[in-house]
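See below for structure-v6.pdb, which holds PDB, C-alpha atoms.
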ATOM      1  CA  MET A   1       4.653   7.853  15.944
ATOM      2  CA  ALA A   2       3.960  11.521  15.304
ATOM      3  CA  ASP A   3       3.546  13.942  18.174
ATOM      4  CA  ASP A   4      -0.065  15.104  17.871
ATOM      5  CA  THR A   5      -0.394  16.815  21.247
ATOM      6  CA  ASN A   6      -0.502  20.238  19.525
ATOM      7  CA  GLU A   7      -2.485  19.025  16.554
ATOM      8  CA  ARG A   8      -4.415  21.774  14.758
ATOM      9  CA  TYR A   9      -5.773  19.850  11.758
ATOM     10  CA  ILE A  10      -7.266  16.381  11.586
ATOM     11  CA  ASN A  11      -5.397  13.361  10.324
ATOM     12  CA  PRO A  12      -6.908  12.262   6.969
ATOM     13  CA  TYR A  13      -5.530   8.753   7.499
ATOM     14  CA  THR A  14      -8.159   8.213  10.200
ATOM     15  CA  ASP A  15     -11.626   6.995   9.239
ATOM     16  CA  PHE A  16     -13.229  10.111  10.703
ATOM     17  CA  GLY A  17     -10.759  12.460   9.019
ATOM     18  CA  PHE A  18     -11.018  10.939   5.550
ATOM     19  CA  LYS A  19     -14.800  10.738   5.537
ATOM     20  CA  LYS A  20     -15.108  14.227   7.018
ATOM     21  CA  LEU A  21     -13.080  15.734   4.173
ATOM     22  CA  PHE A  22     -14.193  13.581   1.247
ATOM     23  CA  GLY A  23     -17.291  11.623   2.193
ATOM     24  CA  THR A  24     -19.925  14.269   2.854
ATOM     25  CA  GLU A  25     -22.240  16.151   0.507
ATOM     26  CA  MET A  26     -21.057  19.438   1.983
ATOM     27  CA  ASN A  27     -17.457  18.706   1.011
ATOM     28  CA  LYS A  28     -17.902  16.946  -2.304
ATOM     29  CA  ASP A  29     -16.113  19.809  -4.059
ATOM     30  CA  LEU A  30     -12.975  18.675  -2.221
ATOM     31  CA  LEU A  31     -13.414  15.158  -3.590
ATOM     32  CA  ILE A  32     -14.032  16.495  -7.114
ATOM     33  CA  SER A  33     -10.899  18.644  -6.979
ATOM     34  CA  PHE A  34      -8.810  15.705  -5.772
ATOM     35  CA  LEU A  35     -10.126  13.363  -8.489
ATOM     36  CA  ASN A  36      -9.550  15.916 -11.245
ATOM     37  CA  ALA A  37      -6.005  16.506  -9.985
ATOM     38  CA  LEU A  38      -5.437  12.765  -9.872
ATOM     39  CA  PHE A  39      -6.428  12.294 -13.519
ATOM     40  CA  ASN A  40      -5.357  15.691 -14.909
ATOM     41  CA  ASP A  41      -7.399  14.993 -18.038
ATOM     42  CA  SER A  42      -9.271  17.929 -19.567
ATOM     43  CA  THR A  43     -11.305  15.544 -21.743
ATOM     44  CA  LYS A  44     -12.720  13.804 -18.667
ATOM     45  CA  GLU A  45     -13.127  16.583 -16.135
ATOM     46  CA  ILE A  46     -15.494  15.708 -13.306
ATOM     47  CA  GLU A  47     -18.087  18.411 -12.630
ATOM     48  CA  ASP A  48     -20.278  16.705 -10.053
ATOM     49  CA  VAL A  49     -20.567  13.451  -8.112
ATOM     50  CA  GLN A  50     -23.419  11.582  -6.506
ATOM     51  CA  TYR A  51     -22.562   9.689  -3.326
ATOM     52  CA  LEU A  52     -23.698   6.065  -3.355
ATOM     53  CA  ASN A  53     -24.245   3.737  -0.434
ATOM     54  CA  GLY A  54     -20.765   2.828   0.749
ATOM     55  CA  GLU A  55     -21.982  -0.306   2.514
ATOM     56  CA  ASN A  56     -22.687  -3.274   0.290
ATOM     57  CA  LEU A  57     -24.384  -6.207   1.985
ATOM     58  CA  GLY A  58     -24.343  -8.488  -1.079
ATOM     59  CA  ASP A  59     -27.222  -9.951  -3.019
ATOM     60  CA  GLY A  60     -28.397 -12.490  -0.510
ATOM     61  CA  TYR A  61     -28.141 -13.889   3.000
ATOM     62  CA  GLY A  62     -24.593 -14.924   3.822
ATOM     63  CA  ASP A  63     -22.946 -12.779   1.129
ATOM     64  CA  ARG A  64     -19.748 -11.062   2.206
ATOM     65  CA  ARG A  65     -20.153  -7.466   3.370
ATOM     66  CA  SER A  66     -18.087  -4.667   1.766
ATOM     67  CA  VAL A  67     -17.681  -1.203   3.246
ATOM     68  CA  PHE A  68     -16.081   1.588   1.214
ATOM     69  CA  ASP A  69     -14.608   4.827   2.556
ATOM     70  CA  VAL A  70     -16.075   6.782  -0.367
ATOM     71  CA  TYR A  71     -18.239   5.437  -3.169
ATOM     72  CA  CYS A  72     -19.632   7.815  -5.776
ATOM     73  CA  MET A  73     -20.790   8.170  -9.367
ATOM     74  CA  THR A  74     -20.289  10.958 -11.928
ATOM     75  CA  LYS A  75     -22.830  12.294 -14.436
ATOM     76  CA  ASP A  76     -21.547  10.000 -17.178
ATOM     77  CA  GLY A  77     -22.100   6.934 -15.001
ATOM     78  CA  SER A  78     -18.464   6.354 -14.017
ATOM     79  CA  ARG A  79     -18.185   4.854 -10.541
ATOM     80  CA  PHE A  80     -15.387   5.574  -8.098
ATOM     81  CA  ILE A  81     -14.300   3.713  -4.988
ATOM     82  CA  VAL A  82     -11.827   5.831  -3.002
ATOM     83  CA  GLU A  83     -10.114   4.034  -0.128
ATOM     84  CA  MET A  84      -7.662   5.276   2.476
ATOM     85  CA  GLN A  85      -5.608   2.130   3.139
ATOM     86  CA  LYS A  86      -3.904   2.688   6.475
ATOM     87  CA  ALA A  87      -1.822  -0.479   6.759
ATOM     88  CA  GLU A  88      -0.381  -3.186   4.563
ATOM     89  CA  GLN A  89      -2.439  -6.372   4.286
ATOM     90  CA  ALA A  90      -1.365  -9.817   3.154
ATOM     91  CA  TYR A  91      -3.963  -9.907   0.369
ATOM     92  CA  PHE A  92      -4.388  -6.201  -0.305
ATOM     93  CA  LYS A  93      -4.439  -6.583  -4.096
ATOM     94  CA  ASP A  94      -7.022  -9.370  -3.876
ATOM     95  CA  ARG A  95      -9.186  -7.188  -1.645
ATOM     96  CA  SER A  96      -8.886  -4.289  -4.068
ATOM     97  CA  VAL A  97      -9.962  -6.430  -7.024
ATOM     98  CA  TYR A  98     -12.793  -7.930  -4.997
ATOM     99  CA  TYR A  99     -14.082  -4.473  -4.078
ATOM    100  CA  SER A 100     -14.155  -3.478  -7.754
ATOM    101  CA  THR A 101     -16.712  -6.209  -8.438
ATOM    102  CA  THR A 102     -19.398  -4.387  -6.438
ATOM    103  CA  PRO A 103     -19.801  -1.391  -8.806
ATOM    104  CA  ILE A 104     -19.561  -3.804 -11.740
ATOM    105  CA  ARG A 105     -22.347  -6.086 -10.507
ATOM    106  CA  GLN A 106     -24.540  -3.186  -9.446
ATOM    107  CA  GLN A 107     -24.762  -2.019 -13.055
ATOM    108  CA  ALA A 108     -26.641  -5.147 -14.114
ATOM    109  CA  PRO A 109     -30.365  -4.316 -14.493
ATOM    110  CA  LYS A 110     -33.112  -6.852 -14.058
ATOM    111  CA  GLY A 111     -34.416  -8.323 -17.273
ATOM    112  CA  GLU A 112     -32.761  -8.094 -20.657
ATOM    113  CA  TRP A 113     -29.293  -6.544 -20.803
ATOM    114  CA  ASP A 114     -26.576  -6.242 -23.433
ATOM    115  CA  TYR A 115     -23.734  -6.293 -20.803
ATOM    116  CA  ARG A 116     -22.596  -2.737 -21.509
ATOM    117  CA  LEU A 117     -20.721  -1.331 -18.480
ATOM    118  CA  ASP A 118     -19.709   2.162 -17.431
ATOM    119  CA  ASP A 119     -16.184   2.928 -16.191
ATOM    120  CA  VAL A 120     -15.165   1.663 -12.754
ATOM    121  CA  TYR A 121     -12.240   3.172 -10.845
ATOM    122  CA  THR A 122     -10.734   1.866  -7.619
ATOM    123  CA  ILE A 123      -8.409   4.408  -6.002
ATOM    124  CA  GLY A 124      -6.203   3.399  -3.114
ATOM    125  CA  ILE A 125      -4.397   6.025  -1.028
ATOM    126  CA  LEU A 126      -1.803   3.860   0.685
ATOM    127  CA  ASN A 127      -0.072   4.719   3.939
ATOM    128  CA  PHE A 128       2.581   2.109   3.092
ATOM    129  CA  GLU A 129       4.775   0.990   0.205
ATOM    130  CA  PHE A 130       4.228  -2.114  -1.870
ATOM    131  CA  PRO A 131       6.532  -4.862  -0.546
ATOM    132  CA  HIS A 132       9.610  -6.286  -2.265
ATOM    133  CA  ASN A 133      10.415  -2.963  -3.979
ATOM    134  CA  GLU A 134       7.767  -3.641  -6.596
ATOM    135  CA  TYR A 135       8.100  -0.091  -7.922
ATOM    136  CA  PRO A 136      11.091   2.297  -8.074
ATOM    137  CA  ALA A 137      11.546   4.658  -5.126
ATOM    138  CA  ASP A 138      10.667   7.730  -7.221
ATOM    139  CA  ARG A 139       7.331   6.357  -8.498
ATOM    140  CA  TYR A 140       4.369   6.811  -6.176
ATOM    141  CA  ARG A 141       1.390   6.989  -8.604
ATOM    142  CA  HIS A 142       0.468   3.727 -10.325
ATOM    143  CA  GLU A 143      -2.340   3.269 -12.850
ATOM    144  CA  ILE A 144      -3.238  -0.324 -13.674
ATOM    145  CA  LYS A 145      -5.528  -1.716 -16.391
ATOM    146  CA  LEU A 146      -6.085  -5.104 -17.988
ATOM    147  CA  LYS A 147      -3.422  -5.493 -20.686
ATOM    148  CA  ASP A 148      -2.315  -8.025 -23.280
ATOM    149  CA  ILE A 149       1.022  -9.334 -22.008
ATOM    150  CA  GLU A 150       2.488  -9.880 -25.483
ATOM    151  CA  ASP A 151       2.060  -6.469 -27.098
ATOM    152  CA  ASN A 152       1.154  -4.471 -23.952
ATOM    153  CA  HIS A 153      -1.981  -2.897 -25.419
ATOM    154  CA  VAL A 154      -4.874  -2.096 -23.066
ATOM    155  CA  PHE A 155      -7.355  -4.941 -23.440
ATOM    156  CA  TYR A 156     -10.142  -3.307 -21.399
ATOM    157  CA  GLU A 157     -10.382   0.437 -20.822
ATOM    158  CA  LYS A 158     -13.250   0.554 -18.376
ATOM    159  CA  LEU A 159     -11.622  -0.991 -15.284
ATOM    160  CA  THR A 160      -8.871   1.069 -13.676
ATOM    161  CA  PHE A 161      -6.946   0.752 -10.426
ATOM    162  CA  ILE A 162      -4.937   3.728  -9.199
ATOM    163  CA  TYR A 163      -2.648   3.449  -6.178
ATOM    164  CA  LEU A 164      -0.760   6.234  -4.425
ATOM    165  CA  GLU A 165       2.193   5.157  -2.260
ATOM    166  CA  MET A 166       2.087   8.104   0.124
ATOM    167  CA  PRO A 167       5.352   7.416   2.051
ATOM    168  CA  LYS A 168       7.260   7.883  -1.210
ATOM    169  CA  PHE A 169       6.009  11.450  -1.655
ATOM    170  CA  VAL A 170       8.818  13.595  -0.258
ATOM    171  CA  LYS A 171       8.371  16.904  -2.079
ATOM    172  CA  THR A 172       8.651  20.016   0.050
ATOM    173  CA  GLU A 173       6.371  23.033  -0.130
ATOM    174  CA  ASP A 174       8.805  24.812  -2.462
ATOM    175  CA  GLU A 175       8.665  21.909  -4.919
ATOM    176  CA  LEU A 176       4.887  21.881  -5.381
ATOM    177  CA  VAL A 177       4.001  22.696  -8.992
ATOM    178  CA  THR A 178       0.877  20.866 -10.120
ATOM    179  CA  MET A 179      -2.482  20.550  -8.411
ATOM    180  CA  PHE A 180      -1.727  16.862  -7.933
ATOM    181  CA  ASP A 181       1.497  17.780  -6.093
ATOM    182  CA  LYS A 182      -0.500  20.013  -3.786
ATOM    183  CA  TRP A 183      -3.082  17.360  -3.013
ATOM    184  CA  MET A 184      -0.405  14.780  -2.311
ATOM    185  CA  PHE A 185       1.383  17.204   0.000
ATOM    186  CA  VAL A 186      -1.714  18.140   1.966
ATOM    187  CA  LEU A 187      -2.902  14.541   2.355
ATOM    188  CA  HIS A 188       0.504  13.390   3.534
ATOM    189  CA  ASN A 189       1.248  16.317   5.869
ATOM    190  CA  LEU A 190      -2.056  17.839   6.983
ATOM    191  CA  TYR A 191      -2.021  16.649  10.612
ATOM    192  CA  ARG A 192       1.603  17.797  10.985
ATOM    193  CA  LEU A 193       0.890  21.378   9.910
ATOM    194  CA  LEU A 194       0.262  24.246  12.302
ATOM    195  CA  GLU A 195      -0.323  26.861   9.597
ATOM    196  CA  ARG A 196      -1.691  26.834   6.086
ATOM    197  CA  PRO A 197       1.302  26.695   3.667
ATOM    198  CA  LYS A 198       1.719  29.618   1.283
ATOM    199  CA  ALA A 199       1.841  27.205  -1.662
ATOM    200  CA  LEU A 200      -1.736  26.109  -0.943
ATOM    201  CA  GLN A 201      -3.598  29.332  -1.671
ATOM    202  CA  ASP A 202      -6.176  27.819  -4.036
ATOM    203  CA  ARG A 203      -9.756  28.341  -2.897
ATOM    204  CA  VAL A 204     -10.369  24.627  -2.529
ATOM    205  CA  PHE A 205      -7.548  24.356   0.030
ATOM    206  CA  GLN A 206      -8.938  27.289   1.994
ATOM    207  CA  LYS A 207     -12.094  25.228   2.434
ATOM    208  CA  LEU A 208     -10.122  22.075   3.211
ATOM    209  CA  PHE A 209      -8.181  23.750   6.018
ATOM    210  CA  ASP A 210     -11.399  25.247   7.393
ATOM    211  CA  GLN A 211     -13.046  21.817   7.429
ATOM    212  CA  ALA A 212      -9.945  20.171   8.897
ATOM    213  CA  GLU A 213      -9.472  22.581  11.814
ATOM    214  CA  ILE A 214     -10.252  20.721  15.007
ATOM    215  CA  ALA A 215     -11.110  23.862  16.954
ATOM    216  CA  ARG A 216     -14.196  24.332  14.767
ATOM    217  CA  TYR A 217     -15.679  20.964  15.698
ATOM    218  CA  SER A 218     -18.457  20.294  18.147
ATOM    219  CA  GLU A 219     -17.767  18.306  21.275
ATOM    220  CA  THR A 220     -19.347  15.250  19.649
ATOM    221  CA  GLU A 221     -17.176  15.581  16.534
ATOM    222  CA  ARG A 222     -14.040  15.979  18.615
ATOM    223  CA  ARG A 223     -14.862  12.851  20.576
ATOM    224  CA  GLN A 224     -15.528  10.928  17.356
ATOM    225  CA  TYR A 225     -12.233  12.103  15.936
ATOM    226  CA  GLU A 226     -10.302  11.193  19.086
ATOM    227  CA  ASP A 227     -11.843   7.703  19.035
ATOM    228  CA  SER A 228     -10.937   7.298  15.363
ATOM    229  CA  LYS A 229      -7.418   8.578  15.970
ATOM    230  CA  LYS A 230      -6.930   6.119  18.843
ATOM    231  CA  VAL A 231      -7.889   3.220  16.569
ATOM    232  CA  PHE A 232      -5.454   4.485  13.918
ATOM    233  CA  TRP A 233      -2.481   4.762  16.302
ATOM    234  CA  ASP A 234      -3.341   1.478  18.048
ATOM    235  CA  ASN A 235      -3.243  -0.278  14.681
ATOM    236  CA  TYR A 236       0.004   1.512  13.858
ATOM    237  CA  SER A 237       1.573   0.340  17.107
ATOM    238  CA  VAL A 238       0.467  -3.263  16.591
ATOM    239  CA  ILE A 239       1.880  -3.335  13.063
ATOM    240  CA  LYS A 240       5.133  -1.638  14.094
ATOM    241  CA  THR A 241       5.585  -4.052  16.988
ATOM    242  CA  ALA A 242       4.983  -7.031  14.699
ATOM    243  CA  ARG A 243       7.408  -5.653  12.135
ATOM    244  CA  ASP A 244      10.091  -4.896  14.754
ATOM    245  CA  LYS A 245       9.630  -8.336  16.301
ATOM    246  CA  GLY A 246       9.953  -9.921  12.873
ATOM    247  CA  VAL A 247      13.189  -8.073  12.226
ATOM    248  CA  LEU A 248      14.560  -9.068  15.655
ATOM    249  CA  GLU A 249      13.574 -12.686  15.166
ATOM    250  CA  GLY A 250      15.175 -12.601  11.727
ATOM    251  CA  ILE A 251      18.441 -11.325  13.201
ATOM    252  CA  GLN A 252      18.384 -13.915  15.983
ATOM    253  CA  LYS A 253      17.614 -16.676  13.496
ATOM    254  CA  GLY A 254      20.432 -15.485  11.243
ATOM    255  CA  ILE A 255      22.896 -15.498  14.164
ATOM    256  CA  GLN A 256      21.814 -18.989  15.219
ATOM    257  CA  GLN A 257      22.081 -20.289  11.664
ATOM    258  CA  GLY A 258      25.523 -18.716  11.401
ATOM    259  CA  ILE A 259      26.668 -20.423  14.615
ATOM    260  CA  GLN A 260      25.320 -23.785  13.497
ATOM    261  CA  GLN A 261      26.885 -23.407  10.071
ATOM    262  CA  GLY A 262      30.212 -22.494  11.664
ATOM    263  CA  ILE A 263      30.107 -25.553  13.913
ATOM    264  CA  GLN A 264      29.229 -27.779  10.990
ATOM    265  CA  GLN A 265      32.007 -26.329   8.866
ATOM    266  CA  GLY A 266      34.464 -26.769  11.757
ATOM    267  CA  VAL A 267      33.504 -30.428  12.193
ATOM    268  CA  GLN A 268      33.799 -31.030   8.482
ATOM    269  CA  LYS A 269      37.188 -29.332   8.388
ATOM    270  CA  GLY A 270      38.387 -31.434  11.364
ATOM    271  CA  VAL A 271      37.234 -34.694   9.738
ATOM    272  CA  LEU A 272      38.917 -33.727   6.490
ATOM    273  CA  GLN A 273      42.160 -32.904   8.299
ATOM    274  CA  GLU A 274      42.089 -36.225  10.098
ATOM    275  CA  LYS A 275      41.548 -38.092   6.839
ATOM    276  CA  ALA A 276      44.426 -36.253   5.187
ATOM    277  CA  GLU A 277      46.796 -37.177   7.994
ATOM    278  CA  THR A 278      45.727 -40.839   7.809
ATOM    279  CA  VAL A 279      46.252 -40.929   4.046
ATOM    280  CA  GLN A 280      49.674 -39.309   4.404
ATOM    281  CA  ARG A 281      50.772 -41.911   6.996
ATOM    282  CA  MET A 282      49.565 -44.818   4.851
ATOM    283  CA  LYS A 283      51.384 -43.408   1.830
ATOM    284  CA  ALA A 284      54.567 -43.078   3.900
ATOM    285  CA  LYS A 285      54.319 -46.798   4.767
ATOM    286  CA  GLY A 286      54.258 -47.686   1.095
ATOM    287  CA  PHE A 287      50.543 -48.186   0.452
ATOM    288  CA  SER A 288      49.431 -47.409  -3.091
ATOM    289  CA  ALA A 289      46.642 -44.939  -3.838
ATOM    290  CA  GLU A 290      44.392 -47.871  -4.814
ATOM    291  CA  ASP A 291      45.043 -49.646  -1.501
ATOM    292  CA  ILE A 292      44.431 -46.465   0.480
ATOM    293  CA  SER A 293      41.202 -45.915  -1.457
ATOM    294  CA  GLU A 294      39.931 -49.371  -0.574
ATOM    295  CA  ILE A 295      40.949 -49.225   3.096
ATOM    296  CA  ALA A 296      39.816 -45.612   3.798
ATOM    297  CA  GLY A 297      36.596 -45.783   1.793
ATOM    298  CA  LEU A 298      37.653 -42.948  -0.512
ATOM    299  CA  THR A 299      37.843 -42.674  -4.266
ATOM    300  CA  VAL A 300      41.277 -42.722  -5.875
ATOM    301  CA  GLU A 301      40.723 -39.097  -6.938
ATOM    302  CA  GLU A 302      39.980 -38.085  -3.326
ATOM    303  CA  VAL A 303      43.110 -39.870  -2.102
ATOM    304  CA  GLU A 304      45.295 -38.154  -4.689
ATOM    305  CA  GLU A 305      43.769 -34.788  -3.755
ATOM    306  CA  LEU A 306      44.560 -35.367  -0.061
ATOM    307  CA  LEU A 307      48.116 -36.335  -0.920
ATOM    308  CA  GLN A 308      48.812 -33.013  -2.673
TER     309      GLN A 308
END
Written as structure tokens, how would this file's structure read?
Amino acid sequence: MADDTNERYINPYTDFGFKKLFGTEMNKDLLISFLNALFNDSTKEIEDVQYLNGENLGDGYGDRRSVFDVYCMTKDGSRFIVEMQKAEQAYFKDRSVYYSTTPIRQQAPKGEWDYRLDDVYTIGILNFEFPHNEYPADRYRHEIKLKDIEDNHVFYEKLTFIYLEMPKFVKTEDELVTMFDKWMFVLHNLYRLLERPKALQDRVFQKLFDQAEIARYSETERRQYEDSKKVFWDNYSVIKTARDKGVLEGIQKGIQQGIQQGIQQGVQKGVLQEKAETVQRMKAKGFSAEDISEIAGLTVEEVEELLQ
């Protein structure tokens, strides 16, 4: 756990911190800058966004409720879900796909419709790594689309999932080159910083550090942030404890299995030794291999092997 007793800037991994920086009309230029850096595509530069209702209650009574950290739409109709995923979940990918269905279904008008859809993007900023080493250690940005598995061509362009494995980003301030590098650095390190890094002199980062400075907040905002931070670190502690316990139990189970296996192997070795001695004595008394096989309940091949 990080030492945040002298914290100057908010932690963007908290609900309060992320929504403060990216989920308000006043700070939408921060969100636009981040999205443009994420895509780095001059042909699809985002100029403005409209925030949409981040709470989806479904179409009818009993429908499952979805709540997004940030949900917005650009001028061309593209819809973006931006989620700060603080901890690994068993069905994280399923949840991510499920969330993408909301902006898809919301595009369906009442009455006649030709099924044309605008682009949908689900962006996950992950405070964990995908399990089982799914991606190489040096790859932390992943862009996923529906593809044909035989020739690998993109089957459908309008549904995109982008995931950022934040723990894998290890660049230092001196290594920051692109705008994307800078955004990754500030998201991953903001709450650890006591001063604004020299590499982050762009105007947008001046505003970000102003908005992130805890000393500027009202008493109510500070209390909201502290509550949000407590939830974040409580969840972190629960997950870490579960992970540590799992590792310990795995070690203990491995030791126990090793002991049991050793005992079993020792018993088997002792039985085999006893059989060999019996076969040797019977052979010394003139019994044939066939007779020994019949008396000892062994195959002739086993008897001959024990006699070697």
Quick one, how far is CA of Asp94 (chain A) from CA of Phe161 (chain A)?
12.1 Å
Identify all residues satisfying the PyMOL selection byres ((chain A and resi 194) around 6) in the given file; provide them as a ChimeraX atom specification.
/A:8,193,195
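You can rank A:Lys207, A:His188, A:Lys168, A:Lys44 by their closest distance to Asn27 (chain A) using all atoms listed in the file, and at the top of that list sits A:Lys207.
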Would you please work out which residue, of A:Leu208, A:Asn127, A:Phe80, A:Trp113, is nearest to Tyr99 (chain A) when using all atoms listed in the file?
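Among A:Leu208, A:Asn127, A:Phe80, A:Trp113, it is A:Phe80 that comes nearest to Tyr99 (chain A).
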Selected residue of minimal separation from Ile144 (chain A) among A:Met184, A:Lys93, A:Leu176, A:Glu112, counting only C-alpha atoms:
A:Lys93
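Between Asn53 (chain A) and the candidates A:Gln106, A:Thr172, A:Ser218, A:Thr278, the tightest atom-to-atom separation, counting only C-alpha atoms, involves A:Gln106.
When all atoms listed in the file are used to measure the gap to Asp181 (chain A), the shortest distance among A:Lys230, A:Leu30, A:Leu159, A:Arg141 belongs to A:Arg141.
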Just the number, please: distance in Å from CA of Glu45 (chain A) to CA of Ile32 (chain A), one decimal.
9.1 Å
So how many Å separate CA of Lys19 (chain A) and CA of Gln224 (chain A), to one decimal?
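Distance reported for this atom pair: 11.8 Å.
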Distance query Lys229 (chain A) at most 9 Å, all atoms listed in the file, self and fewer than 3 positions along chain excluded, as a PyMOL selection string
chain A and resi 10-11+13-17+224-226+232-234
For Glu290 (chain A), please output as number ranges by chain all residues within 12 Å (counting only C-alpha atoms; exclusion window: fewer than 6 positions along the same chain).
A: 279, 282-283, 296-304
The PyMOL selection byres ((chain A and resi 89) around 12) applied to the shown file, residues as a VMD selection string
chain A and resid 85 to 88 90 to 96 126 to 131 239
Excluding Tyr71 (chain A) and residues on its chain fewer than 3 positions from it, collect all residues at most 6 Å away from it, counting all atoms listed in the file, and give them as a count of residues only.
4
May I have the centre and edge lengths, in Å to one decimal, of an axis-aligned box around the listed atoms of region 72-87 of chain A with 5 Å added to every side, as AutoDock Vina command-line options?
--center_x -12.3 --center_y 5.9 --center_z -5.2 --size_x 31.0 --size_y 22.8 --size_z 33.9
For Asp29 (chain A): contacts at 10 Å, all atoms listed in the file, fewer than 3 positions along chain excluded, given as a PyMOL selection string:
chain A and resi 21-22+24-26+32-35+47-49+204+207-208
Selection result of the PyMOL selection byres ((chain A and resi 139) around 10) on this file, as a ChimeraX atom specification
/A:135-138,140-142,164-165,168-169
Find the residues with any atom within 6 Å of (-11.2, 3.6, -0.5); use only C-alpha atoms and the coordinates as given in the file, and write the answer as a ChimeraX atom specification.
/A:68-70,81-84,124
Need a file for region 274-280 of chain A from that block: all heavy atoms, written as a PDB file, in the first residue's frame.
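Wrote it out as selection_15.pdb, contents follow:
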ATOM      1  N   GLU A 274      11.018 -55.868  -1.178  1.00  0.00           N
ATOM      2  CA  GLU A 274      10.634 -57.141  -0.549  1.00  0.00           C
ATOM      3  C   GLU A 274      10.346 -58.206  -1.612  1.00  0.00           C
ATOM      4  O   GLU A 274      10.747 -59.377  -1.473  1.00  0.00           O
ATOM      5  CB  GLU A 274       9.403 -56.916   0.331  1.00  0.00           C
ATOM      6  CG  GLU A 274       8.977 -58.172   1.090  1.00  0.00           C
ATOM      7  CD  GLU A 274       7.767 -57.916   1.987  1.00  0.00           C
ATOM      8  OE1 GLU A 274       7.412 -56.734   2.169  1.00  0.00           O
ATOM      9  OE2 GLU A 274       7.197 -58.896   2.477  1.00  0.00           O
ATOM     10  N   LYS A 275       9.673 -57.822  -2.670  1.00  0.00           N
ATOM     11  CA  LYS A 275       9.377 -58.764  -3.740  1.00  0.00           C
ATOM     12  C   LYS A 275      10.650 -59.262  -4.398  1.00  0.00           C
ATOM     13  O   LYS A 275      10.789 -60.455  -4.721  1.00  0.00           O
ATOM     14  CB  LYS A 275       8.468 -58.102  -4.792  1.00  0.00           C
ATOM     15  CG  LYS A 275       7.015 -57.991  -4.378  1.00  0.00           C
ATOM     16  CD  LYS A 275       6.170 -57.456  -5.526  1.00  0.00           C
ATOM     17  CE  LYS A 275       4.690 -57.418  -5.134  1.00  0.00           C
ATOM     18  NZ  LYS A 275       3.837 -56.945  -6.245  1.00  0.00           N
ATOM     19  N   ALA A 276      11.592 -58.358  -4.607  1.00  0.00           N
ATOM     20  CA  ALA A 276      12.858 -58.737  -5.248  1.00  0.00           C
ATOM     21  C   ALA A 276      13.610 -59.759  -4.411  1.00  0.00           C
ATOM     22  O   ALA A 276      14.170 -60.745  -4.934  1.00  0.00           O
ATOM     23  CB  ALA A 276      13.714 -57.487  -5.470  1.00  0.00           C
ATOM     24  N   GLU A 277      13.614 -59.540  -3.098  1.00  0.00           N
ATOM     25  CA  GLU A 277      14.324 -60.471  -2.217  1.00  0.00           C
ATOM     26  C   GLU A 277      13.654 -61.850  -2.233  1.00  0.00           C
ATOM     27  O   GLU A 277      14.325 -62.891  -2.227  1.00  0.00           O
ATOM     28  CB  GLU A 277      14.353 -59.909  -0.793  1.00  0.00           C
ATOM     29  CG  GLU A 277      15.234 -58.665  -0.663  1.00  0.00           C
ATOM     30  CD  GLU A 277      15.136 -58.032   0.712  1.00  0.00           C
ATOM     31  OE1 GLU A 277      14.312 -58.510   1.530  1.00  0.00           O
ATOM     32  OE2 GLU A 277      15.864 -57.043   0.967  1.00  0.00           O
ATOM     33  N   THR A 278      12.309 -61.859  -2.252  1.00  0.00           N
ATOM     34  CA  THR A 278      11.578 -63.125  -2.298  1.00  0.00           C
ATOM     35  C   THR A 278      11.881 -63.880  -3.585  1.00  0.00           C
ATOM     36  O   THR A 278      12.115 -65.115  -3.567  1.00  0.00           O
ATOM     37  CB  THR A 278      10.062 -62.858  -2.187  1.00  0.00           C
ATOM     38  OG1 THR A 278       9.795 -62.191  -0.959  1.00  0.00           O
ATOM     39  CG2 THR A 278       9.272 -64.167  -2.238  1.00  0.00           C
ATOM     40  N   VAL A 279      11.866 -63.160  -4.700  1.00  0.00           N
ATOM     41  CA  VAL A 279      12.153 -63.781  -5.997  1.00  0.00           C
ATOM     42  C   VAL A 279      13.559 -64.339  -6.026  1.00  0.00           C
ATOM     43  O   VAL A 279      13.807 -65.460  -6.528  1.00  0.00           O
ATOM     44  CB  VAL A 279      11.934 -62.750  -7.140  1.00  0.00           C
ATOM     45  CG1 VAL A 279      12.499 -63.285  -8.452  1.00  0.00           C
ATOM     46  CG2 VAL A 279      10.448 -62.446  -7.288  1.00  0.00           C
ATOM     47  N   GLN A 280      14.513 -63.588  -5.471  1.00  0.00           N
ATOM     48  CA  GLN A 280      15.908 -64.044  -5.450  1.00  0.00           C
ATOM     49  C   GLN A 280      16.053 -65.342  -4.643  1.00  0.00           C
ATOM     50  O   GLN A 280      16.773 -66.274  -5.026  1.00  0.00           O
ATOM     51  CB  GLN A 280      16.802 -62.946  -4.851  1.00  0.00           C
ATOM     52  CG  GLN A 280      16.909 -61.670  -5.682  1.00  0.00           C
ATOM     53  CD  GLN A 280      17.768 -61.836  -6.928  1.00  0.00           C
ATOM     54  OE1 GLN A 280      18.437 -62.865  -7.100  1.00  0.00           O
ATOM     55  NE2 GLN A 280      17.741 -60.835  -7.798  1.00  0.00           N
TER      56      GLN A 280
END
